[in-house]
file query19.cif (mmCIF, C-alpha atoms and all ligand atoms)
data_data
#
loop_
_atom_site.label_atom_id
_atom_site.label_comp_id
_atom_site.auth_asym_id
_atom_site.auth_seq_id
_atom_site.Cartn_x
_atom_site.Cartn_y
_atom_site.Cartn_z
CA MET Q 1 30.01 0.83 1.99
CA THR Q 2 26.80 0.19 0.04
CA SER Q 3 24.40 -2.21 1.75
CA ASP Q 4 23.89 -5.70 0.37
CA PHE Q 5 20.23 -5.67 1.46
CA VAL Q 6 17.66 -4.92 -1.21
CA ARG Q 7 14.07 -4.11 -0.29
CA ILE Q 8 11.62 -5.55 -2.78
CA VAL Q 9 8.34 -3.69 -3.12
CA GLU Q 10 5.88 -6.32 -4.30
CA VAL Q 11 3.39 -4.64 -6.63
CA GLY Q 12 1.60 -7.73 -8.01
CA PRO Q 13 -1.67 -7.32 -6.11
CA ARG Q 14 -1.99 -3.78 -7.52
CA ASP Q 15 0.04 -3.33 -10.74
CA GLY Q 16 -0.42 -7.01 -11.60
CA LEU Q 17 -4.14 -7.32 -11.07
CA GLN Q 18 -5.11 -3.88 -12.45
CA ASN Q 19 -4.22 -5.07 -15.95
CA GLU Q 20 -5.72 -8.57 -15.89
CA LYS Q 21 -8.81 -9.34 -17.95
CA THR Q 22 -10.03 -11.71 -15.24
CA ILE Q 23 -11.47 -9.96 -12.22
CA VAL Q 24 -10.02 -11.79 -9.24
CA ALA Q 25 -12.34 -12.28 -6.26
CA ALA Q 26 -11.59 -10.16 -3.19
CA ALA Q 27 -11.01 -13.31 -1.11
CA ASP Q 28 -8.32 -14.46 -3.55
CA LYS Q 29 -6.67 -11.03 -3.54
CA ILE Q 30 -6.57 -11.18 0.24
CA ALA Q 31 -5.08 -14.68 0.12
CA LEU Q 32 -2.46 -13.46 -2.36
CA ILE Q 33 -1.39 -10.55 -0.16
CA ASP Q 34 -1.24 -12.77 2.94
CA ARG Q 35 0.84 -15.36 1.09
CA LEU Q 36 3.22 -12.62 -0.06
CA SER Q 37 3.79 -11.33 3.45
CA ASP Q 38 4.34 -14.94 4.57
CA CYS Q 39 7.17 -15.12 1.99
CA GLY Q 40 9.07 -12.46 3.92
CA LEU Q 41 8.21 -9.43 1.80
CA LYS Q 42 8.23 -6.24 3.85
CA SER Q 43 6.33 -4.03 1.38
CA VAL Q 44 3.28 -5.36 -0.41
CA GLU Q 45 1.33 -2.82 -2.46
CA ALA Q 46 -2.19 -3.98 -1.78
CA THR Q 47 -4.59 -2.17 -4.13
CA SER Q 48 -5.67 1.20 -5.55
CA PHE Q 49 -8.28 3.64 -4.39
CA VAL Q 50 -8.70 5.05 -7.90
CA SER Q 51 -11.97 5.51 -9.75
CA PRO Q 52 -13.67 2.11 -10.24
CA LYS Q 53 -14.82 3.39 -13.64
CA TRP Q 54 -11.17 3.73 -14.66
CA VAL Q 55 -9.91 0.49 -13.08
CA PRO Q 56 -12.81 -1.90 -12.42
CA GLN Q 57 -10.39 -4.69 -11.49
CA LEU Q 58 -9.65 -2.93 -8.19
CA ALA Q 59 -13.14 -1.66 -7.36
CA ASP Q 60 -13.07 -3.86 -4.24
CA ALA Q 61 -10.11 -1.95 -2.73
CA ALA Q 62 -11.81 -1.29 0.62
CA GLU Q 63 -12.91 -4.90 1.08
CA VAL Q 64 -9.46 -6.20 0.16
CA TYR Q 65 -7.55 -3.81 2.39
CA ALA Q 66 -9.86 -4.47 5.33
CA GLY Q 67 -9.49 -8.23 4.89
CA ILE Q 68 -5.72 -8.64 4.81
CA HIS Q 69 -3.88 -9.92 7.82
CA LYS Q 70 -1.61 -6.98 8.70
CA ARG Q 71 1.66 -8.48 9.73
CA ASP Q 72 3.89 -6.49 12.08
CA GLY Q 73 6.76 -4.87 10.25
CA VAL Q 74 5.09 -5.12 6.81
CA SER Q 75 3.79 -2.06 4.98
CA TYR Q 76 0.80 -2.26 2.67
CA PRO Q 77 0.83 0.89 0.51
CA VAL Q 78 -2.14 1.66 -1.73
CA LEU Q 79 -2.42 3.96 -4.75
CA VAL Q 80 -4.33 7.18 -4.18
CA PRO Q 81 -4.94 9.65 -7.06
CA ASN Q 82 -6.82 12.41 -5.22
CA GLU Q 83 -8.55 13.46 -1.98
CA LYS Q 84 -11.49 11.19 -2.63
CA GLY Q 85 -9.15 8.21 -2.88
CA TYR Q 86 -7.40 9.29 0.30
CA GLU Q 87 -10.67 9.44 2.22
CA ARG Q 88 -11.75 6.02 0.98
CA ALA Q 89 -8.36 4.59 1.98
CA ARG Q 90 -8.43 6.12 5.44
CA GLU Q 91 -11.92 4.78 6.12
CA VAL Q 92 -10.39 1.30 6.18
CA GLY Q 93 -7.31 2.35 8.14
CA VAL Q 94 -4.63 2.65 5.44
CA THR Q 95 -1.28 3.79 6.90
CA GLU Q 96 0.76 4.18 3.70
CA ILE Q 97 -0.27 5.62 0.33
CA ALA Q 98 1.40 6.11 -3.03
CA VAL Q 99 0.65 9.11 -5.21
CA PHE Q 100 1.46 8.82 -8.90
CA THR Q 101 2.22 11.09 -11.80
CA ALA Q 102 4.48 10.98 -14.84
CA ALA Q 103 7.36 12.68 -16.61
CA SER Q 104 5.36 12.94 -19.83
CA GLU Q 105 2.28 15.14 -20.24
CA ALA Q 106 0.60 12.92 -22.81
CA PHE Q 107 0.68 9.81 -20.65
CA ASN Q 108 -0.40 11.63 -17.52
CA GLN Q 109 -3.41 13.05 -19.29
CA LYS Q 110 -4.48 9.58 -20.41
CA ASN Q 111 -3.78 7.95 -17.03
CA ILE Q 112 -5.15 10.44 -14.53
CA ASN Q 113 -6.78 13.06 -16.70
CA ALA Q 114 -4.47 15.84 -15.53
CA ARG Q 115 -1.39 17.77 -16.59
CA ILE Q 116 1.74 17.03 -14.55
CA ASP Q 117 1.61 20.28 -12.59
CA GLU Q 118 -2.12 19.90 -12.07
CA SER Q 119 -1.54 16.42 -10.60
CA LEU Q 120 1.17 17.71 -8.26
CA LYS Q 121 -1.23 20.41 -7.10
CA ARG Q 122 -3.87 17.71 -6.53
CA PHE Q 123 -1.44 15.82 -4.28
CA GLU Q 124 -0.75 18.83 -2.02
CA PRO Q 125 -3.88 18.49 0.16
CA VAL Q 126 -3.54 14.69 0.12
CA ILE Q 127 0.04 14.83 1.40
CA ALA Q 128 -0.86 17.51 3.95
CA LYS Q 129 -3.61 15.29 5.37
CA ALA Q 130 -1.31 12.29 5.32
CA ARG Q 131 1.26 14.22 7.34
CA GLU Q 132 -1.41 15.18 9.90
CA ASP Q 133 -2.59 11.57 10.11
CA GLY Q 134 0.91 10.06 10.32
CA VAL Q 135 0.40 8.26 6.98
CA ALA Q 136 3.57 7.53 4.97
CA VAL Q 137 3.63 8.68 1.34
CA ARG Q 138 5.49 7.07 -1.52
CA GLY Q 139 5.58 8.67 -4.98
CA TYR Q 140 5.70 7.26 -8.51
CA VAL Q 141 7.01 8.89 -11.64
CA SER Q 142 5.94 7.01 -14.78
CA THR Q 143 7.42 7.05 -18.29
CA VAL Q 144 10.95 7.79 -17.04
CA LEU Q 145 12.57 6.12 -20.06
CA GLY Q 146 9.99 6.77 -22.73
CA CYS Q 147 6.30 7.41 -23.33
CA PRO Q 148 3.91 5.47 -25.55
CA TYR Q 149 2.38 8.73 -26.82
CA GLN Q 150 5.15 11.32 -26.65
CA GLY Q 151 8.17 9.09 -27.46
CA ASP Q 152 11.39 10.32 -25.84
CA VAL Q 153 11.09 11.88 -22.40
CA PRO Q 154 13.74 14.50 -21.57
CA LEU Q 155 15.80 13.66 -18.45
CA VAL Q 156 15.20 17.15 -17.08
CA ASP Q 157 11.50 16.35 -16.84
CA VAL Q 158 12.17 13.10 -14.96
CA VAL Q 159 14.45 14.93 -12.52
CA ARG Q 160 12.03 17.84 -12.05
CA VAL Q 161 9.02 15.65 -11.26
CA SER Q 162 11.00 13.28 -8.99
CA LYS Q 163 12.41 16.20 -7.03
CA ALA Q 164 8.99 17.81 -6.76
CA LEU Q 165 7.51 14.63 -5.24
CA HIS Q 166 10.41 14.25 -2.83
CA ASP Q 167 10.24 17.92 -1.81
CA MET Q 168 6.50 17.57 -1.22
CA GLY Q 169 7.13 14.83 1.34
CA CYS Q 170 7.34 11.49 -0.46
CA TYR Q 171 9.79 9.40 1.58
CA GLU Q 172 10.61 7.39 -1.53
CA VAL Q 173 10.19 8.03 -5.26
CA SER Q 174 9.80 5.04 -7.56
CA LEU Q 175 11.03 5.58 -11.11
CA GLY Q 176 8.76 3.72 -13.53
CA ASP Q 177 9.69 2.42 -16.96
CA THR Q 178 5.99 2.00 -17.66
CA ILE Q 179 6.34 0.47 -21.12
CA GLY Q 180 9.60 -1.42 -20.58
CA ILE Q 181 11.44 0.52 -23.25
CA GLY Q 182 14.71 1.32 -21.46
CA THR Q 183 18.09 -0.36 -21.77
CA PRO Q 184 20.80 -0.60 -19.05
CA ALA Q 185 23.03 2.38 -19.86
CA LYS Q 186 20.01 4.66 -20.30
CA ALA Q 187 18.46 3.37 -17.07
CA ARG Q 188 21.65 4.04 -15.16
CA THR Q 189 22.07 7.52 -16.64
CA MET Q 190 18.46 8.36 -15.75
CA LEU Q 191 18.88 7.10 -12.17
CA GLU Q 192 22.12 8.99 -11.69
CA ALA Q 193 20.56 12.19 -13.03
CA VAL Q 194 17.69 11.90 -10.52
CA ALA Q 195 20.11 10.97 -7.72
CA SER Q 196 21.89 14.28 -8.19
CA ASP Q 197 18.73 16.00 -6.86
CA VAL Q 198 17.08 13.29 -4.71
CA PRO Q 199 19.17 11.11 -2.36
CA MET Q 200 19.75 7.61 -3.74
CA ARG Q 201 18.38 6.09 -0.53
CA ALA Q 202 15.03 7.72 -1.33
CA LEU Q 203 14.83 6.19 -4.82
CA ALA Q 204 13.35 2.93 -6.11
CA VAL Q 205 13.26 1.45 -9.61
CA HIS Q 206 10.15 0.00 -11.28
CA PHE Q 207 10.74 -1.84 -14.53
CA HIS Q 208 8.17 -3.44 -16.77
CA ASP Q 209 9.68 -6.26 -18.80
CA THR Q 210 8.02 -5.61 -22.15
CA ARG Q 211 11.26 -6.00 -24.10
CA GLY Q 212 13.11 -8.38 -21.77
CA GLN Q 213 15.40 -5.64 -20.43
CA ALA Q 214 14.19 -5.41 -16.86
CA LEU Q 215 16.77 -7.57 -15.04
CA ALA Q 216 19.63 -5.97 -16.96
CA ASN Q 217 18.25 -2.54 -16.13
CA ILE Q 218 17.91 -3.46 -12.46
CA LEU Q 219 21.49 -4.69 -12.35
CA ALA Q 220 22.74 -1.45 -13.90
CA CYS Q 221 20.78 0.53 -11.30
CA LEU Q 222 22.03 -1.65 -8.41
CA GLU Q 223 25.57 -0.93 -9.58
CA ALA Q 224 24.72 2.77 -9.42
CA GLY Q 225 23.57 2.31 -5.79
CA VAL Q 226 19.80 1.86 -5.74
CA ARG Q 227 18.58 -0.58 -3.06
CA VAL Q 228 14.81 -0.64 -3.55
CA VAL Q 229 13.29 -2.58 -6.44
CA ASP Q 230 9.60 -2.92 -7.38
CA SER Q 231 8.49 -6.20 -8.94
CA ALA Q 232 5.39 -8.37 -9.32
CA VAL Q 233 5.07 -12.02 -8.45
CA SER Q 234 4.75 -14.18 -11.59
CA GLY Q 235 5.46 -11.12 -13.73
CA THR Q 236 1.88 -9.88 -13.99
CA GLY Q 237 1.06 -6.28 -14.58
CA GLY Q 238 0.91 -3.26 -16.79
CA CYS Q 239 -0.91 0.00 -16.95
CA PRO Q 240 -4.26 -0.09 -18.76
CA TYR Q 241 -3.65 3.51 -19.91
CA ALA Q 242 -0.19 2.87 -21.43
CA LYS Q 243 -0.50 1.42 -24.91
CA GLY Q 244 1.69 -1.68 -25.22
CA ALA Q 245 2.55 -1.94 -21.53
CA SER Q 246 3.03 -5.48 -20.30
CA GLY Q 247 4.09 -7.25 -17.14
CA ASN Q 248 6.39 -6.06 -14.40
CA VAL Q 249 9.63 -7.89 -13.92
CA ALA Q 250 8.83 -11.09 -12.00
CA SER Q 251 9.69 -10.94 -8.29
CA GLU Q 252 10.93 -14.55 -8.40
CA ASP Q 253 13.50 -13.62 -11.09
CA VAL Q 254 14.69 -10.53 -9.23
CA VAL Q 255 15.09 -12.45 -5.96
CA TYR Q 256 16.93 -15.28 -7.72
CA MET Q 257 19.35 -12.80 -9.28
CA LEU Q 258 19.94 -10.93 -6.03
CA HIS Q 259 20.51 -14.07 -3.96
CA GLY Q 260 22.83 -15.38 -6.67
CA MET Q 261 24.87 -12.18 -6.31
CA GLY Q 262 25.15 -12.72 -2.55
CA MET Q 263 22.66 -9.95 -1.77
CA HIS Q 264 19.92 -10.29 0.85
CA THR Q 265 16.18 -9.74 0.59
CA GLY Q 266 14.71 -11.64 3.56
CA ILE Q 267 12.46 -13.47 1.08
CA ASP Q 268 11.91 -17.24 0.91
CA LEU Q 269 12.31 -17.87 -2.84
CA ASP Q 270 10.62 -21.30 -2.83
CA ALA Q 271 7.57 -19.87 -1.09
CA LEU Q 272 7.52 -16.97 -3.56
CA ILE Q 273 7.65 -19.36 -6.53
CA ALA Q 274 4.78 -21.39 -5.05
CA THR Q 275 2.77 -18.17 -4.59
CA GLY Q 276 3.42 -17.05 -8.18
CA ASN Q 277 2.40 -20.46 -9.53
CA TRP Q 278 -0.77 -20.39 -7.44
CA LEU Q 279 -1.56 -16.91 -8.84
CA SER Q 280 -0.98 -17.86 -12.45
CA GLY Q 281 -3.27 -20.87 -11.95
CA LEU Q 282 -5.92 -18.49 -10.64
CA LEU Q 283 -5.48 -16.17 -13.62
CA GLY Q 284 -5.55 -19.07 -16.06
CA HIS Q 285 -2.27 -18.28 -17.79
CA ASP Q 286 1.35 -19.33 -17.56
CA THR Q 287 3.68 -17.57 -15.17
CA ALA Q 288 6.00 -15.02 -16.77
CA SER Q 289 8.73 -15.90 -14.27
CA LYS Q 290 11.57 -17.85 -15.92
CA VAL Q 291 12.84 -18.95 -12.52
CA ALA Q 292 9.41 -20.38 -11.66
CA ARG Q 293 9.25 -22.17 -15.03
CA ALA Q 294 12.70 -23.65 -14.50
CA ALA Q 295 11.69 -24.87 -11.05
CA GLY Q 296 8.92 -26.84 -12.82
P1 LIG Q 301 -11.74 12.02 -13.67
O1 LIG Q 301 -12.80 11.34 -14.47
O2 LIG Q 301 -11.03 13.18 -14.26
O3 LIG Q 301 -12.25 12.37 -12.19
O4 LIG Q 301 -10.68 10.93 -13.26
P2 LIG Q 301 -13.34 13.32 -11.60
O5 LIG Q 301 -12.74 13.93 -10.39
O6 LIG Q 301 -13.93 14.20 -12.68
O7 LIG Q 301 -14.46 12.27 -11.14
C1 LIG Q 301 -15.20 11.48 -12.04
C2 LIG Q 301 -15.98 10.41 -11.26
O8 LIG Q 301 -15.06 9.52 -10.60
C3 LIG Q 301 -16.84 10.98 -10.15
O9 LIG Q 301 -17.95 10.10 -9.99
C4 LIG Q 301 -15.97 10.88 -8.94
O10 LIG Q 301 -16.67 10.82 -7.72
C5 LIG Q 301 -15.26 9.55 -9.19
P3 LIG Q 301 -19.38 10.38 -10.65
O11 LIG Q 301 -19.79 11.73 -10.08
O12 LIG Q 301 -19.15 10.43 -12.14
O13 LIG Q 301 -20.20 9.21 -10.20
N1 LIG Q 301 -13.94 9.46 -8.52
C6 LIG Q 301 -13.58 8.47 -7.69
N2 LIG Q 301 -14.22 7.37 -7.27
C7 LIG Q 301 -13.55 6.56 -6.43
N3 LIG Q 301 -12.28 6.80 -5.99
C8 LIG Q 301 -11.61 7.89 -6.41
C9 LIG Q 301 -12.27 8.78 -7.29
N4 LIG Q 301 -11.90 9.92 -7.88
C10 LIG Q 301 -12.93 10.34 -8.61
N5 LIG Q 301 -10.36 8.10 -6.00
C11 LIG Q 301 -9.02 10.02 -11.76
C12 LIG Q 301 -9.52 11.25 -12.50
C13 LIG Q 301 -7.66 10.35 -11.22
C14 LIG Q 301 -9.99 9.69 -10.64
C15 LIG Q 301 -8.97 8.82 -12.77
O14 LIG Q 301 -8.26 9.24 -13.89
C16 LIG Q 301 -8.32 7.58 -12.21
O15 LIG Q 301 -8.85 6.97 -11.28
N6 LIG Q 301 -7.19 7.18 -12.79
C17 LIG Q 301 -6.43 6.04 -12.31
C18 LIG Q 301 -5.78 5.30 -13.44
C19 LIG Q 301 -4.93 4.20 -12.90
O16 LIG Q 301 -5.19 3.65 -11.83
N7 LIG Q 301 -3.89 3.82 -13.65
C20 LIG Q 301 -3.00 2.76 -13.25
C21 LIG Q 301 -2.13 3.10 -12.08
S1 LIG Q 301 -0.67 4.02 -12.51
C22 LIG Q 301 0.46 2.81 -13.07
O17 LIG Q 301 0.09 1.68 -13.24
C23 LIG Q 301 1.90 3.19 -13.23
C24 LIG Q 301 2.79 2.68 -12.10
O18 LIG Q 301 2.72 1.28 -11.97
C25 LIG Q 301 4.26 3.08 -12.36
C26 LIG Q 301 4.73 2.71 -13.77
O19 LIG Q 301 4.66 1.54 -14.14
O20 LIG Q 301 5.16 3.65 -14.45
C27 LIG Q 301 2.38 3.30 -10.76
MG MG Q 302 3.80 -0.15 -13.16
#
call {"tool": "encode", "arguments": {"input": "query19.cif", "output": "structure tokens", "more": "lines below"}}
Ligand code: HMG
Ligand code: MG
result
Amino acid sequence: MTSDFVRIVEVGPRDGLQNEKTIVAAADKIALIDRLSDCGLKSVEATSFVSPKWVPQLADAAEVYAGIHKRDGVSYPVLVPNEKGYERAREVGVTEIAVFTAASEAFNQKNINARIDESLKRFEPVIAKAREDGVAVRGYVSTVLGCPYQGDVPLVDVVRVSKALHDMGCYEVSLGDTIGIGTPAKARTMLEAVASDVPMRALAVHFHDTRGQALANILACLEAGVRVVDSAVSGTGGCPYAKGASGNVASEDVVYMLHGMGMHTGIDLDALIATGNWLSGLLGHDTASKVARAAG
């Protein structure tokens, strides 16, 4: 029987804040992460140890990671693009990282200045060190349903890159619809194709809501068996190197849908809504969560 528990990976502090014009103070980022773990989230992606020239919004990664209250039983993964990022992360005691690449060459080049195979090669020493250090590694594959530069992305490429990350030692591979271009049947077909080579329990879905398809896509993927969903409180987010990318699906909306379906997340929805509203106040724009708006 498939489980009715869904693990939400909250990516707002990283995917959300990396694409905001406002640079949020480190103290506020820390408060955000602490509030999110207080809501019952078990995975809160905290920040990125990428080049501060590429993503100035997260240049304070070390200060933020060092400052968060690490709750027992909560993981705080951080993005790491290379060995330098890994070293910076370990200096402040990071215990889970996420490496990231894409299924399309054109996007990968713009995002991390490397071809896909080059990026996988770059991750080898990072993952080897992580294994030695007992650090967990998650993997991301971007542009799984389309690329802003290349257009269509062949399924074989999505499957190949996902399998490569899993084979290299990523305990979970998150499939990213970076520009929110997918629709439910395509999302499901993509997930099922990957699940023929990587176990479903090692897969997560990561939908941006650019075209309002994210919840429908998540539902289609839940029906196919996925039980890990990435989302961002108040629907912030986007990749600065993906033309036209906008916010992640709002965590509040995902949790509302799941609880309405009788599924469990361990998350206090009212507290999550309050956190999202606090964040949108900080950012000076309205929340993108419909559930939060309806709650008033
Ligand atoms: P590069 O310019 O090719 O790197 O960037 P380089 O190795 O030639 O180094 C250039 C300079 O950066 C050097 O400094 C390095 O020391 C420094 P300089 O000598 O010029 O003073 N540097 C670093 N500094 C701090 N931390 C580091 C680091 N690495 C190099 N880790 C690089 C290559 C990968 C670094 C760059 O392209 C980069 O940082 N890219 C990150 C872009 C990014 O964060 N994008 C958003 C995240 S991905 C995403 O949002 C998608 C996702 O949500 C899923 C989805 O939605 O699909 C995950
Ligand atoms: Mg993303």
call {"tool": "residues_near_ligand", "arguments": {"input": "query19.cif", "ligand": "ligand LIG 301 (chain Q)", "cutoff": "6 Å", "atoms": "all atoms listed in the file", "output": "list of chain:residue names"}}
result
Q:Asp15, Q:Phe49, Q:Val50, Q:Ser51, Q:Pro52, Q:Trp54, Q:Val55, Q:Pro81, Q:Asn82, Q:Lys84, Q:Gly85, Q:Phe100, Q:Asn111, Q:Ile112, Q:Asn113, Q:Tyr140, Q:Ser142, Q:Thr143, Q:Gly176, Q:Asp177, Q:Thr178, Q:Cys239
call {"tool": "residues_near_ligand", "arguments": {"input": "query19.cif", "ligand": "ligand MG 302 (chain Q)", "cutoff": "10 Å", "atoms": "all atoms listed in the file", "output": "PyMOL selection string"}}
result
chain Q and resi 11-12+14-16+18-19+140-143+174-180+206-208+230-232+236-240+242+245-249
call {"tool": "residues_near_point", "arguments": {"input": "query19.cif", "point": "(-2.1, -11.2, 1.6)", "cutoff": "12 Å", "atoms": "all atoms listed in the file", "output": "ChimeraX atom specification"}}
result
/Q:10-14,26-47,64-71,74-76,275,279
call {"tool": "residues_around", "arguments": {"input": "query19.cif", "residues": "Ser3 of chain Q", "least_positions_apart": "2", "cutoff": "12 Å", "atoms": "only C-alpha atoms", "output": "short mmCIF file (atom, residue, chain, number, x, y, z; two decimals) with C-alpha atoms, keeping the file's coordinate frame"}}
result
data_model
loop_
_atom_site.label_atom_id
_atom_site.label_comp_id
_atom_site.auth_asym_id
_atom_site.auth_seq_id
_atom_site.Cartn_x
_atom_site.Cartn_y
_atom_site.Cartn_z
CA MET Q 1 30.01 0.83 1.99
CA PHE Q 5 20.23 -5.67 1.46
CA VAL Q 6 17.66 -4.92 -1.21
CA ARG Q 7 14.07 -4.11 -0.29
CA ARG Q 201 18.38 6.09 -0.53
CA LEU Q 222 22.03 -1.65 -8.41
CA GLU Q 223 25.57 -0.93 -9.58
CA GLY Q 225 23.57 2.31 -5.79
CA VAL Q 226 19.80 1.86 -5.74
CA ARG Q 227 18.58 -0.58 -3.06
CA VAL Q 228 14.81 -0.64 -3.55
CA GLY Q 262 25.15 -12.72 -2.55
CA MET Q 263 22.66 -9.95 -1.77
CA HIS Q 264 19.92 -10.29 0.85
CA THR Q 265 16.18 -9.74 0.59
#
call {"tool": "atom_distance", "arguments": {"input": "query19.cif", "atom1": "atom CA of Ala292 of chain Q", "atom2": "atom CA of Ile273 of chain Q"}}
result
5.5 Å
call {"tool": "residues_around", "arguments": {"input": "query19.cif", "residues": "Leu215 of chain Q", "least_positions_apart": "4", "cutoff": "8 Å", "atoms": "only C-alpha atoms", "output": "list in words"}}
result
Leu219, Val249, Asp253 and Val254 of chain Q
